[in-house]
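Worksheet: the structure to be examined is printed underneath.
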Amino acid sequence: MYYSAKLLPVSAVCGGIYRAAIRRLQTRNIPLYRRLPFGDGVLAGLVDADTIFALSSGQGRCGVSVVRISGPAATTALRCMVGFRNHLPPPRTALLRSITDPHSKEVLDRGLVLWFPAPHSFTGEDSVEFHIHGGPAVITGVLQALGSVPGMRPAEAGEFTRRAFHAGKLDLTEVEGLGDLIHAETEAQRRQALRQMSGHLGRLYQDWSQRLKRSLAHVEAFIDFSEDELIEEGVLAQVDISVCDLQTEIKQHLKDERRGERLRSGVHVVIAGATNAGKSSLLNTLCQRPAAIVSPIAGTTRDVVETALDIGGFPVLLSDTAGLRDSPDVVEQEGVRRARERVQQADLTLVVVDSTTLPSEVQQAAAFLLEHLGGVLSSQEQPETGRCLLVLNKTDLIPEAQREQLTLGLRGVCGLPPVCLISCQTNEGLMDFLTVLQSSVKALCGDPLTGAPTLTQARHRSHLQQCVMALAQYRRYRDTDLALAAEGVRLALTGLGRITGRVGAEEILDIIFKDFCIGK
Amino acid sequence: MSHMLTKKLPPVQSILFLVTRRASHLSKQRYDVIVVGGGHAGTEAAAAAARVGAETLLVTQKIHTIGALSCNPSLGGVGKGHLVREVDALDGLCGRAGDWAGIHFSILNRRKGPAVWGPRAQLDRQRYREFIQAELLSTPRLMVLEGSVEKLLVTDPNPEEPGSHRVTGIHLANGSHPISASSVVLTTGTFLSGSLFMGQTTSPGGRIGDAPSSTGLSETLRERLGLRVGRLRTGTPPRILKDSVDLSLAKLHPPDTHPAPFSFMNTHTRCKPEEQLPCYLTYTTPGVERVVRESLHLNCHIHQDTKGPRYCPSIESRVLRFPGRSHQVWLEPEGMTSDLFYPQGLSMTMTPDVQLRLIREIPAMHRAEIHTPGYGVQYDYVCPTQLSPALQVKNTQGLFLAGQINGTTGYEEAAAQGLWAGVNAARWALSRPLVALSRTESYIGVLIDDLVSRGVKEPYRMFTSRAEFRTSLRPDNADLRLTLKGFEVGCVSSVRHDVALRVKSSLQDAIASLQALTLSTNRWRKKLPGISVSESKSSMLSGMELLQYKDVSYEILASVFPECLSPYMELSQRLKIEAVYKPHCDLSKREIERIQKEENMSLPQDIDYFTLPVSLSQEVREILDRFRPSTLGAATRLEGMTPAAVVTLFNYVHLTGRKERMVNRNEADNEEEREEDLCSRNAPLPQ
């Protein structure tokens with residue numbers, strides 16, 4: 001069905017990745033994602049005429065990265081970035097070309113360019129693929145250049161697949177897995193966004209969102225209530241200042257070339273579990289050096305210890321976290337909070353359990369582990385396949401017979417992730433564990449869903465740009481038509497809401513009633 | 001000249017005589033639609049059902065109180081005015097009644113842009129009631145009966161569809177036999193298990209001076225139909241004798257000098273501009289707060305946990321929530337010849353002597369006398385998530401609810417729901433498919449969608465901020481948005497339909513003329529020397545674009561190009577508004593189309609979400625099961641829905657829809673004699 005497969009192996013690989021992802025996801029169980037990441041409709045991709053782009057190859061050790069563009073303005077990318085001014089390239093033919101920035105005309109990379117006119121493409125729309133070098137700088141450059149082309153925006157979760165579905169390009173089994181695929185992409189984007197949002201940037205966006213919400217509430221209050229109430233023009237003067245400040249701040253932020261801390265690419269693997277289960281020993285074993293302090297005292301690790309590793313050739317960011325327990329110590333409490341935060345953001349969690357604490361009877365042990373897992377991952381749902389490994393440590397301290405019982409008895413227990421028995425002391429079972437870990441990392445890495453930080457950054461930029469433009473509308477109409485001015489603030493909040501979460505009408509009304517004494 | 005103004009209303013006495021005479025010999029008949037309640041929801045429901053073509057009976061406790069304004073003597077406002085215009089566009093009563101009974105017209109938000117203008121009027125209670133009663137009397141197919149409904153008659157649930165009842169009629173308190181009907185619309189307002197509060201005394205009832213409704217109705221809803229019911233409260237201020245108020249201490253608030261009518265059918269109001277009465281503004285003092293605090297222990301209404309409206313709080317709640325402030329009190333006339341003031345903002349529930357002490361703390365009322373004391377009301381409402389967008393109770397075929405029984409507050413909100421429930425009740429009785437209004441096309445759609453898909457936690461009032469597409473849903477274009485659709489569903493007369501068609505084509509012609517009028521900016525500058533046209537010299541501008549300029553009016557353009565523009569002078573204001581809003585409406589068009597597409601995908605009401613063989617989390621299943629959204633669009637708006645879940649649902653509906661259509665086609669081939677009315681009853685909400 002991907003006719004391009006006949007011509008081009010790389011495209012075939014991409015289609016294959018999507019198909020594989022869909023197949024893999026069909027069996028997944030879905031935890032709830034509370035907030036829609038986009039302010040507006042979920043089926044937007046079905047009728048949207050926007051042109052979308054995304055990195056559709058995985059991260060890590062890839063010589064070639066594929067950037068996909070789909071939609072009516074796809075040809076614009078060919079015209080303004082590849083130099084096909086007057087004619088388009090022959091369809092479905094790989095051409096080696098320089099890819100340039102449409103504004104600065106600087107050469108970003110030399111790579112293969114492919115043009116798939118509608119309807120013969122993955123999405124059924126006009127599509128373009130850039131096959132570029134895999135370095136982060138090149139990818140960032142190309143994505144940002146695309147973001148600056150009018151009518152072009154970064155794809156939302158699952159949008160390519162949704163468009164393909166709408167164009168009737170997916171077969172029935174693929175369609176059934178579509179919801180799961182979108183869920184996985186949403187989750188991957190959410191984890192990526194959480195990582196970016198947990199630091200300074202997150203606080204900044206949240207602060208903007210709060211201020212914008214308040215401004216909108218005050219404009220709305222002025223529209224819906226002022227004439228009969230005690231809401232005076234002074235309210236609007238405050239909004240003017242607030243909107244003006246926000247506009248300047250966001251503009252400044254967009255200009256700022258320091259993009260905050262550089263986000264490290266790679267699969268985020270987090271070691272978590274109770275105190276003294278041997279988490280830090282596992283970290284040290286994995287990185288083959290004493291990166292973290294280990295001691296028999298519970299609560300030795302208090303902060304997150306992070307190490308970059310290469311596992312089977314794939315980049316991994318391994319974090320050791322504080323043991324989860326209730327502690328009166330404020331420093332340790334903060335450590336536990338950070339640990340939980342890391343688990344939320346992790347691509348893969350290694351839950352370490354001290355095997356001497358397990359009940360000796362296998363079924364009881366399974367029940368114990370299930371409950372324990374829920375506590376560590378802080379969710380009621382079963383962990384997704386491939387997102388968690390259970391590591392039973394200190395097997396040198398339990399009898400041989402129990403070890404064998406556990407190995408056999410825990411295999412395939414419903415709801416339990418793969419279980420590895422190891423001893424960080426004697427290195428027993430380590431090789432088996434590494435094999436399991438490596439295959440998990442490989443699966444995550446080859447998956448375009450794991451989400452490159454650059455793409456999330458590109459998405460944020462495009463939403464912030466919308467936000468600035470919308471705020472300009474407020475100022476343009478402030479004195480002539482407050483309804484249109486308010487529309488500007490609403491649009492700005494929708495733009496920002498795509499980063500920080502949707503804001504509903506009730507939330508705005510709540511602020512109005514909290515801030516004003518309204519009685520009509 | 002509007003037809004309304006030339007019409008002579010018969011005197012009230014003869015109306016009563018006629019209505020009761022006509023009602024006296026009817027009780028044996030069978031009706032298509034029975035409407036219970038004669039308030040804003042009930043009257044609109046009954047009139048709309050009859051317009052659609054159903055034989056309709058309106059049952060009310062007292063014919064004399066049909067069309068009574070139980071609380072404030074006013075109609076419209078910001079958001080509420082939008083609803084009045086929409087009800088009027090659907091040929092409802094309240095807009096024309098407002099034009100007939102208004103004695104003080106003003107457009108709120110005049111300086112804030114036409115999308116949020118709020119047409120509002122103070123009303124003469126007497127005239128409003130007269131108009132509504134006369135209108136109902138002259139509506140063909142509509143009968144009015146005085147009585148109290150003892151019981152709602154419903155069938156046992158259909159064994160093949162568990163929980164699915166069907167309404168068969170009503171039983172009156174004093175009636176010897178039931179009256180049967182295909183549809184029943186309940187608009188019981190505050191009367192459903194209503195109780196009145198004043199000081200520490202409570203008594204059953206929904207409005208002072210009226211008998212309490214029977215408890216049978218409430219029981220049927222709760223026990224027999226198993227509907228979830230909640231409780232809300234509201235209140236009304238004391239009425240003050242006009243002569244006893246010292247108006248020199250209050251600020252005069254004049255009406256607009258050119259009163260603008262609510263109705264699209266009227267060019268002017270009954271009340272002449274110079275005959276209008278003013279309102280007065282005054283403020284509470286620290287003394288008011290003191291009286292409230294001193295008497296709190298004697299006031300049981302305020303101590304209850306029941307939710308009251310946040311935006312129409314009693315003076316007690318205001319003082320307690322925002323202490324140390326001065327609150328506005330509006331003194332509104334109750335009628336042309338009435339000797340009373342309605343003190344807006346002074347809703348209270350203390351004992352009458354405390355009420356008197358309280359109002360006398362306000363300077364303008366230091367010698368004021370109370371005519372009727374204020375009181376609080378608590379009443380049952382049915383959680384509206386149990387209704388479909390057609391306002392039909394999901395588990396009871398033919399039962400429709402409208403007004404305060406759905407948890408709303410306000411005349412306009414009630415009228416809007418009443419009209420739409422009436423339309424659907426009639427369509428149900430006549431075996432036509434039920435219809436829904438989208439939130440992309442009307443405030444009525446926003447109101448109903450908010451109610452049925454989110455439910456209420458406190459009395460629901462309309463605000464313009466609830467409408468996502470506020471710039472498209474304006475009071476000026478309600479006729480374009482709704483009248484043609486209303487004609488299709490049957491609730492709009494051909495007279496109004498013709499008017500709307502004429503307006504629509506004139507607007508289109510005028511816009512085409514304006515767009516054809518494309519000149520270079522240079523030439524525009526020469527033609528209109530007073531206007532600073534900012535575009536660069538070479539660019540071309542159409543008349544439509546030029547009309548977006550702040551200081552360009554249609555009149556100015558028409559004076560320069562009289563030959564092509566003067567035919568549309570009567571639409572000048574609407575054209576100016578269209579021009580300013582067009583670019584913004586165009587922007588939201590795609591979003592509107594997307595939502596409408598999602599709203600057109602209906603979800604079967606009998607899905608068992610817990611066993612649906614698709615990948616959905618338990619929590620999403622619970623949400624879907626609780627709210628049972630009627631369309632995919634409604635599902636999308638539920639709190640806690642995920643993008644993935646929506647896509648999964650979409651796939652499911654898409655696939656099963658296709659399978660069903662195939663099955664249906666086969667069945668149709670096999671048994672062509674299938675009854676037509678079954679098909680239409682099972683039909684989903686139309687596109």
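Labeling convention for the structure tokens: chains A, B, ... as they appear, residues from 1 per chain, ligands from 1 in order of appearance.
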
Using only C-alpha atoms, determine which residues lie at most 12 Å from Glu274 (chain B), disregarding the query and same-chain residues fewer than 6 positions distant; provide the list as a PDB file with C-alpha atoms, in the first residue's frame.
ATOM      1  CA  ILE B 103     -41.625  50.762  28.994  1.00  0.00           C
ATOM      2  CA  HIS B 104     -37.864  51.425  29.086  1.00  0.00           C
ATOM      3  CA  PHE B 105     -35.600  50.161  26.326  1.00  0.00           C
ATOM      4  CA  PRO B 254     -32.822  57.280  31.394  1.00  0.00           C
ATOM      5  CA  PRO B 255     -33.732  54.819  28.614  1.00  0.00           C
ATOM      6  CA  ASP B 256     -32.365  54.993  25.046  1.00  0.00           C
ATOM      7  CA  THR B 257     -33.876  57.865  23.099  1.00  0.00           C
ATOM      8  CA  HIS B 258     -34.599  55.549  20.154  1.00  0.00           C
ATOM      9  CA  PRO B 259     -35.964  52.327  21.622  1.00  0.00           C
TER      10      PRO B 259
END

If you count only C-alpha atoms, which residues fall within 8 Å of region 320-334 of chain B, apart from same-chain ones fewer than 2 positions away, as a VMD selection string? (chain A and resid 229 to 230 517) or (chain B and resid 73 122 to 125 277 to 286 289 316 to 318 336 338 to 346)

Using only C-alpha atoms for the distances, tell me which of B:Leu655, B:Leu480, B:Leu221, B:Ala416 is nearest to chain A. B:Leu655

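Using only C-alpha atoms, the nearest neighbour of chain A within the list B:Gly403, B:Pro261, B:Pro459, B:Gly640 is B:Gly640.
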
Env of region 344-349 of chain A: 7 Å cut, atoms = only C-alpha atoms, seq-sep filter 2 positions within chain, self excluded. Answer as a tab-separated table (two decimals) with N, CA and C atoms, in the first residue's frame.
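Done, and the output landed in selection-v2.tsv:
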chain	number	residue	atom	x	y	z
A	191	ARG	N	5.12	13.24	27.69
A	191	ARG	CA	6.34	13.00	28.49
A	191	ARG	C	7.43	13.97	28.09
A	194	LEU	N	6.51	17.30	29.38
A	194	LEU	CA	6.72	17.35	30.83
A	194	LEU	C	8.18	17.61	31.16
A	195	ARG	N	9.07	16.95	30.41
A	195	ARG	CA	10.49	17.15	30.66
A	195	ARG	C	10.85	18.61	30.42
A	267	VAL	N	16.76	7.78	25.16
A	267	VAL	CA	15.65	7.17	25.89
A	267	VAL	C	15.84	7.47	27.38
A	268	HIS	N	14.82	8.01	28.01
A	268	HIS	CA	14.93	8.33	29.43
A	268	HIS	C	14.56	7.10	30.26
A	269	VAL	N	15.57	6.53	30.90
A	269	VAL	CA	15.33	5.35	31.73
A	269	VAL	C	15.48	5.76	33.19
A	270	VAL	N	14.50	5.46	34.00
A	270	VAL	CA	14.54	5.87	35.40
A	270	VAL	C	14.51	4.63	36.29
A	271	ILE	N	15.43	4.61	37.28
A	271	ILE	CA	15.44	3.52	38.26
A	271	ILE	C	14.65	3.98	39.46
A	272	ALA	N	13.64	3.23	39.86
A	272	ALA	CA	12.81	3.64	40.99
A	272	ALA	C	12.48	2.44	41.85
A	340	ARG	N	9.35	10.86	41.98
A	340	ARG	CA	8.03	10.59	41.38
A	340	ARG	C	7.86	11.36	40.08
A	341	GLU	N	8.37	12.59	40.06
A	341	GLU	CA	8.30	13.40	38.85
A	341	GLU	C	9.03	12.70	37.71
A	342	ARG	N	10.23	12.17	38.02
A	342	ARG	CA	11.01	11.49	37.00
A	342	ARG	C	10.28	10.28	36.43
A	351	VAL	N	11.81	-0.83	37.87
A	351	VAL	CA	11.36	-0.89	39.25
A	351	VAL	C	12.19	-1.95	39.97
A	387	ARG	N	7.04	-0.27	28.76
A	387	ARG	CA	7.36	0.96	29.47
A	387	ARG	C	7.94	0.71	30.85
A	388	CYS	N	8.04	-0.57	31.23
A	388	CYS	CA	8.47	-0.86	32.58
A	388	CYS	C	9.14	-2.23	32.64
A	389	LEU	N	10.20	-2.35	33.45
A	389	LEU	CA	10.82	-3.65	33.72
A	389	LEU	C	10.89	-3.81	35.23

Can you pull out the residues contacting Val331 (chain A)? Cut-off 10 Å, using only C-alpha atoms, and skip same-chain residues under 5 positions away; I want them as number ranges by chain. A: 302-303, 336-337

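Remark: for Thr155 (chain B), the closest of the candidate residues B:Asn72, B:Thr168, B:Thr236, B:Thr349 is B:Thr168 (distances computed over only C-alpha atoms).
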
Can you tell me which residues surround Gly409 (chain A) at a distance of at most 8 Å, considering only C-alpha atoms, apart from same-chain residues fewer than 4 positions away, and format the answer as a list in words? Val362, Gln363, Gln405 and Val413 of chain A

Can you check which residues of region 342-427 of chain B DSSP gives as strand (DSSP E or B) on the backbone and send them as a list of chain:residue names? B:Tyr342, B:Pro343, B:Gln344, B:Ile370, B:His371, B:Thr372, B:Tyr375, B:Gly376, B:Val377, B:Gln378, B:Tyr379, B:Asp380, B:Tyr381, B:Val382, B:Leu387, B:Gln392, B:Val393, B:Thr396, B:Gln397, B:Leu399, B:Phe400, B:Leu401, B:Thr408

Near region 243-251 of chain A, within 9 Å and counting only C-alpha atoms, which residues show up once chain neighbours fewer than 2 positions away are dropped, as a PyMOL selection string? chain A and resi 208+211-212+215+238-241+253-256+464-465+467-469+471-472+474-475+489

Deliver the residues from the most recent selection as a file, using C-alpha atoms, as a short mmCIF file (atom, residue, chain, number, x, y, z; two decimals), in the first residue's frame.
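In the end it all went to result35.cif:
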data_model
loop_
_atom_site.label_atom_id
_atom_site.label_comp_id
_atom_site.auth_asym_id
_atom_site.auth_seq_id
_atom_site.Cartn_x
_atom_site.Cartn_y
_atom_site.Cartn_z
CA TRP A 208 1.93 33.36 31.17
CA ARG A 211 -1.86 35.95 33.56
CA LEU A 212 -3.60 35.44 30.26
CA SER A 215 -6.81 39.03 31.59
CA GLN A 238 -5.05 46.64 33.94
CA VAL A 239 -5.72 44.20 31.12
CA ASP A 240 -4.05 46.60 28.66
CA ILE A 241 -0.90 46.61 30.73
CA HIS A 253 11.49 34.81 24.60
CA LEU A 254 11.09 33.88 20.94
CA LYS A 255 14.07 36.05 20.05
CA ASP A 256 16.23 34.67 22.83
CA LEU A 464 3.85 31.07 21.04
CA GLN A 465 4.00 32.88 17.71
CA CYS A 467 -0.15 33.80 20.83
CA VAL A 468 1.80 36.98 20.05
CA MET A 469 -0.21 37.57 16.88
CA LEU A 471 -2.47 39.58 21.43
CA ALA A 472 -1.85 42.13 18.72
CA TYR A 474 -6.53 42.71 21.28
CA ARG A 475 -4.59 45.92 21.01
CA VAL A 489 -7.14 37.19 24.07
#

Extract, using only C-alpha atoms, all DNA, RNA and protein residues at most 12 Å from Asn86 (chain A), discarding same-chain residues fewer than 5 positions from it, and format them as a ChimeraX atom specification. /A:75-76,78-80

Please dump the current selection as a PDB file, in the first residue's frame; keep N, CA and C atoms.
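Output contents, as saved in part.pdb:
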ATOM      1  N   THR A  75       4.181  21.818  -1.345  1.00  0.00           N
ATOM      2  CA  THR A  75       5.002  22.256  -2.478  1.00  0.00           C
ATOM      3  C   THR A  75       5.725  23.559  -2.159  1.00  0.00           C
ATOM      4  N   THR A  76       5.135  24.370  -1.270  1.00  0.00           N
ATOM      5  CA  THR A  76       5.802  25.616  -0.882  1.00  0.00           C
ATOM      6  C   THR A  76       7.175  25.319  -0.314  1.00  0.00           C
ATOM      7  N   LEU A  78       9.068  22.858  -1.110  1.00  0.00           N
ATOM      8  CA  LEU A  78       9.962  22.550  -2.230  1.00  0.00           C
ATOM      9  C   LEU A  78      10.428  23.831  -2.914  1.00  0.00           C
ATOM     10  N   ARG A  79       9.476  24.758  -3.067  1.00  0.00           N
ATOM     11  CA  ARG A  79       9.809  25.993  -3.779  1.00  0.00           C
ATOM     12  C   ARG A  79      10.770  26.858  -2.961  1.00  0.00           C
ATOM     13  N   CYS A  80      10.468  27.040  -1.676  1.00  0.00           N
ATOM     14  CA  CYS A  80      11.257  28.032  -0.955  1.00  0.00           C
ATOM     15  C   CYS A  80      12.433  27.440  -0.178  1.00  0.00           C
TER      16      CYS A  80
END

So what do you get for CA of Ala277 (chain A) versus CA of Ser295 (chain A), distance-wise? 11.0 Å

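The residue that comes closest to chain A, out of B:Ser539, B:Thr471, B:Gln378, B:Thr187 and on the basis of only C-alpha atoms, is B:Thr471.
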
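Distance annotation: of A:Gln206, A:Gln402, A:Ser65, A:Ser98, the residue with the minimal separation from Ser360 (chain A) is A:Gln402; atom set is only C-alpha atoms.
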
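Considering only C-alpha atoms, the residue among A:Gln473, A:Thr140, A:Ser355, A:Thr275 positioned nearest to chain B is A:Gln473.
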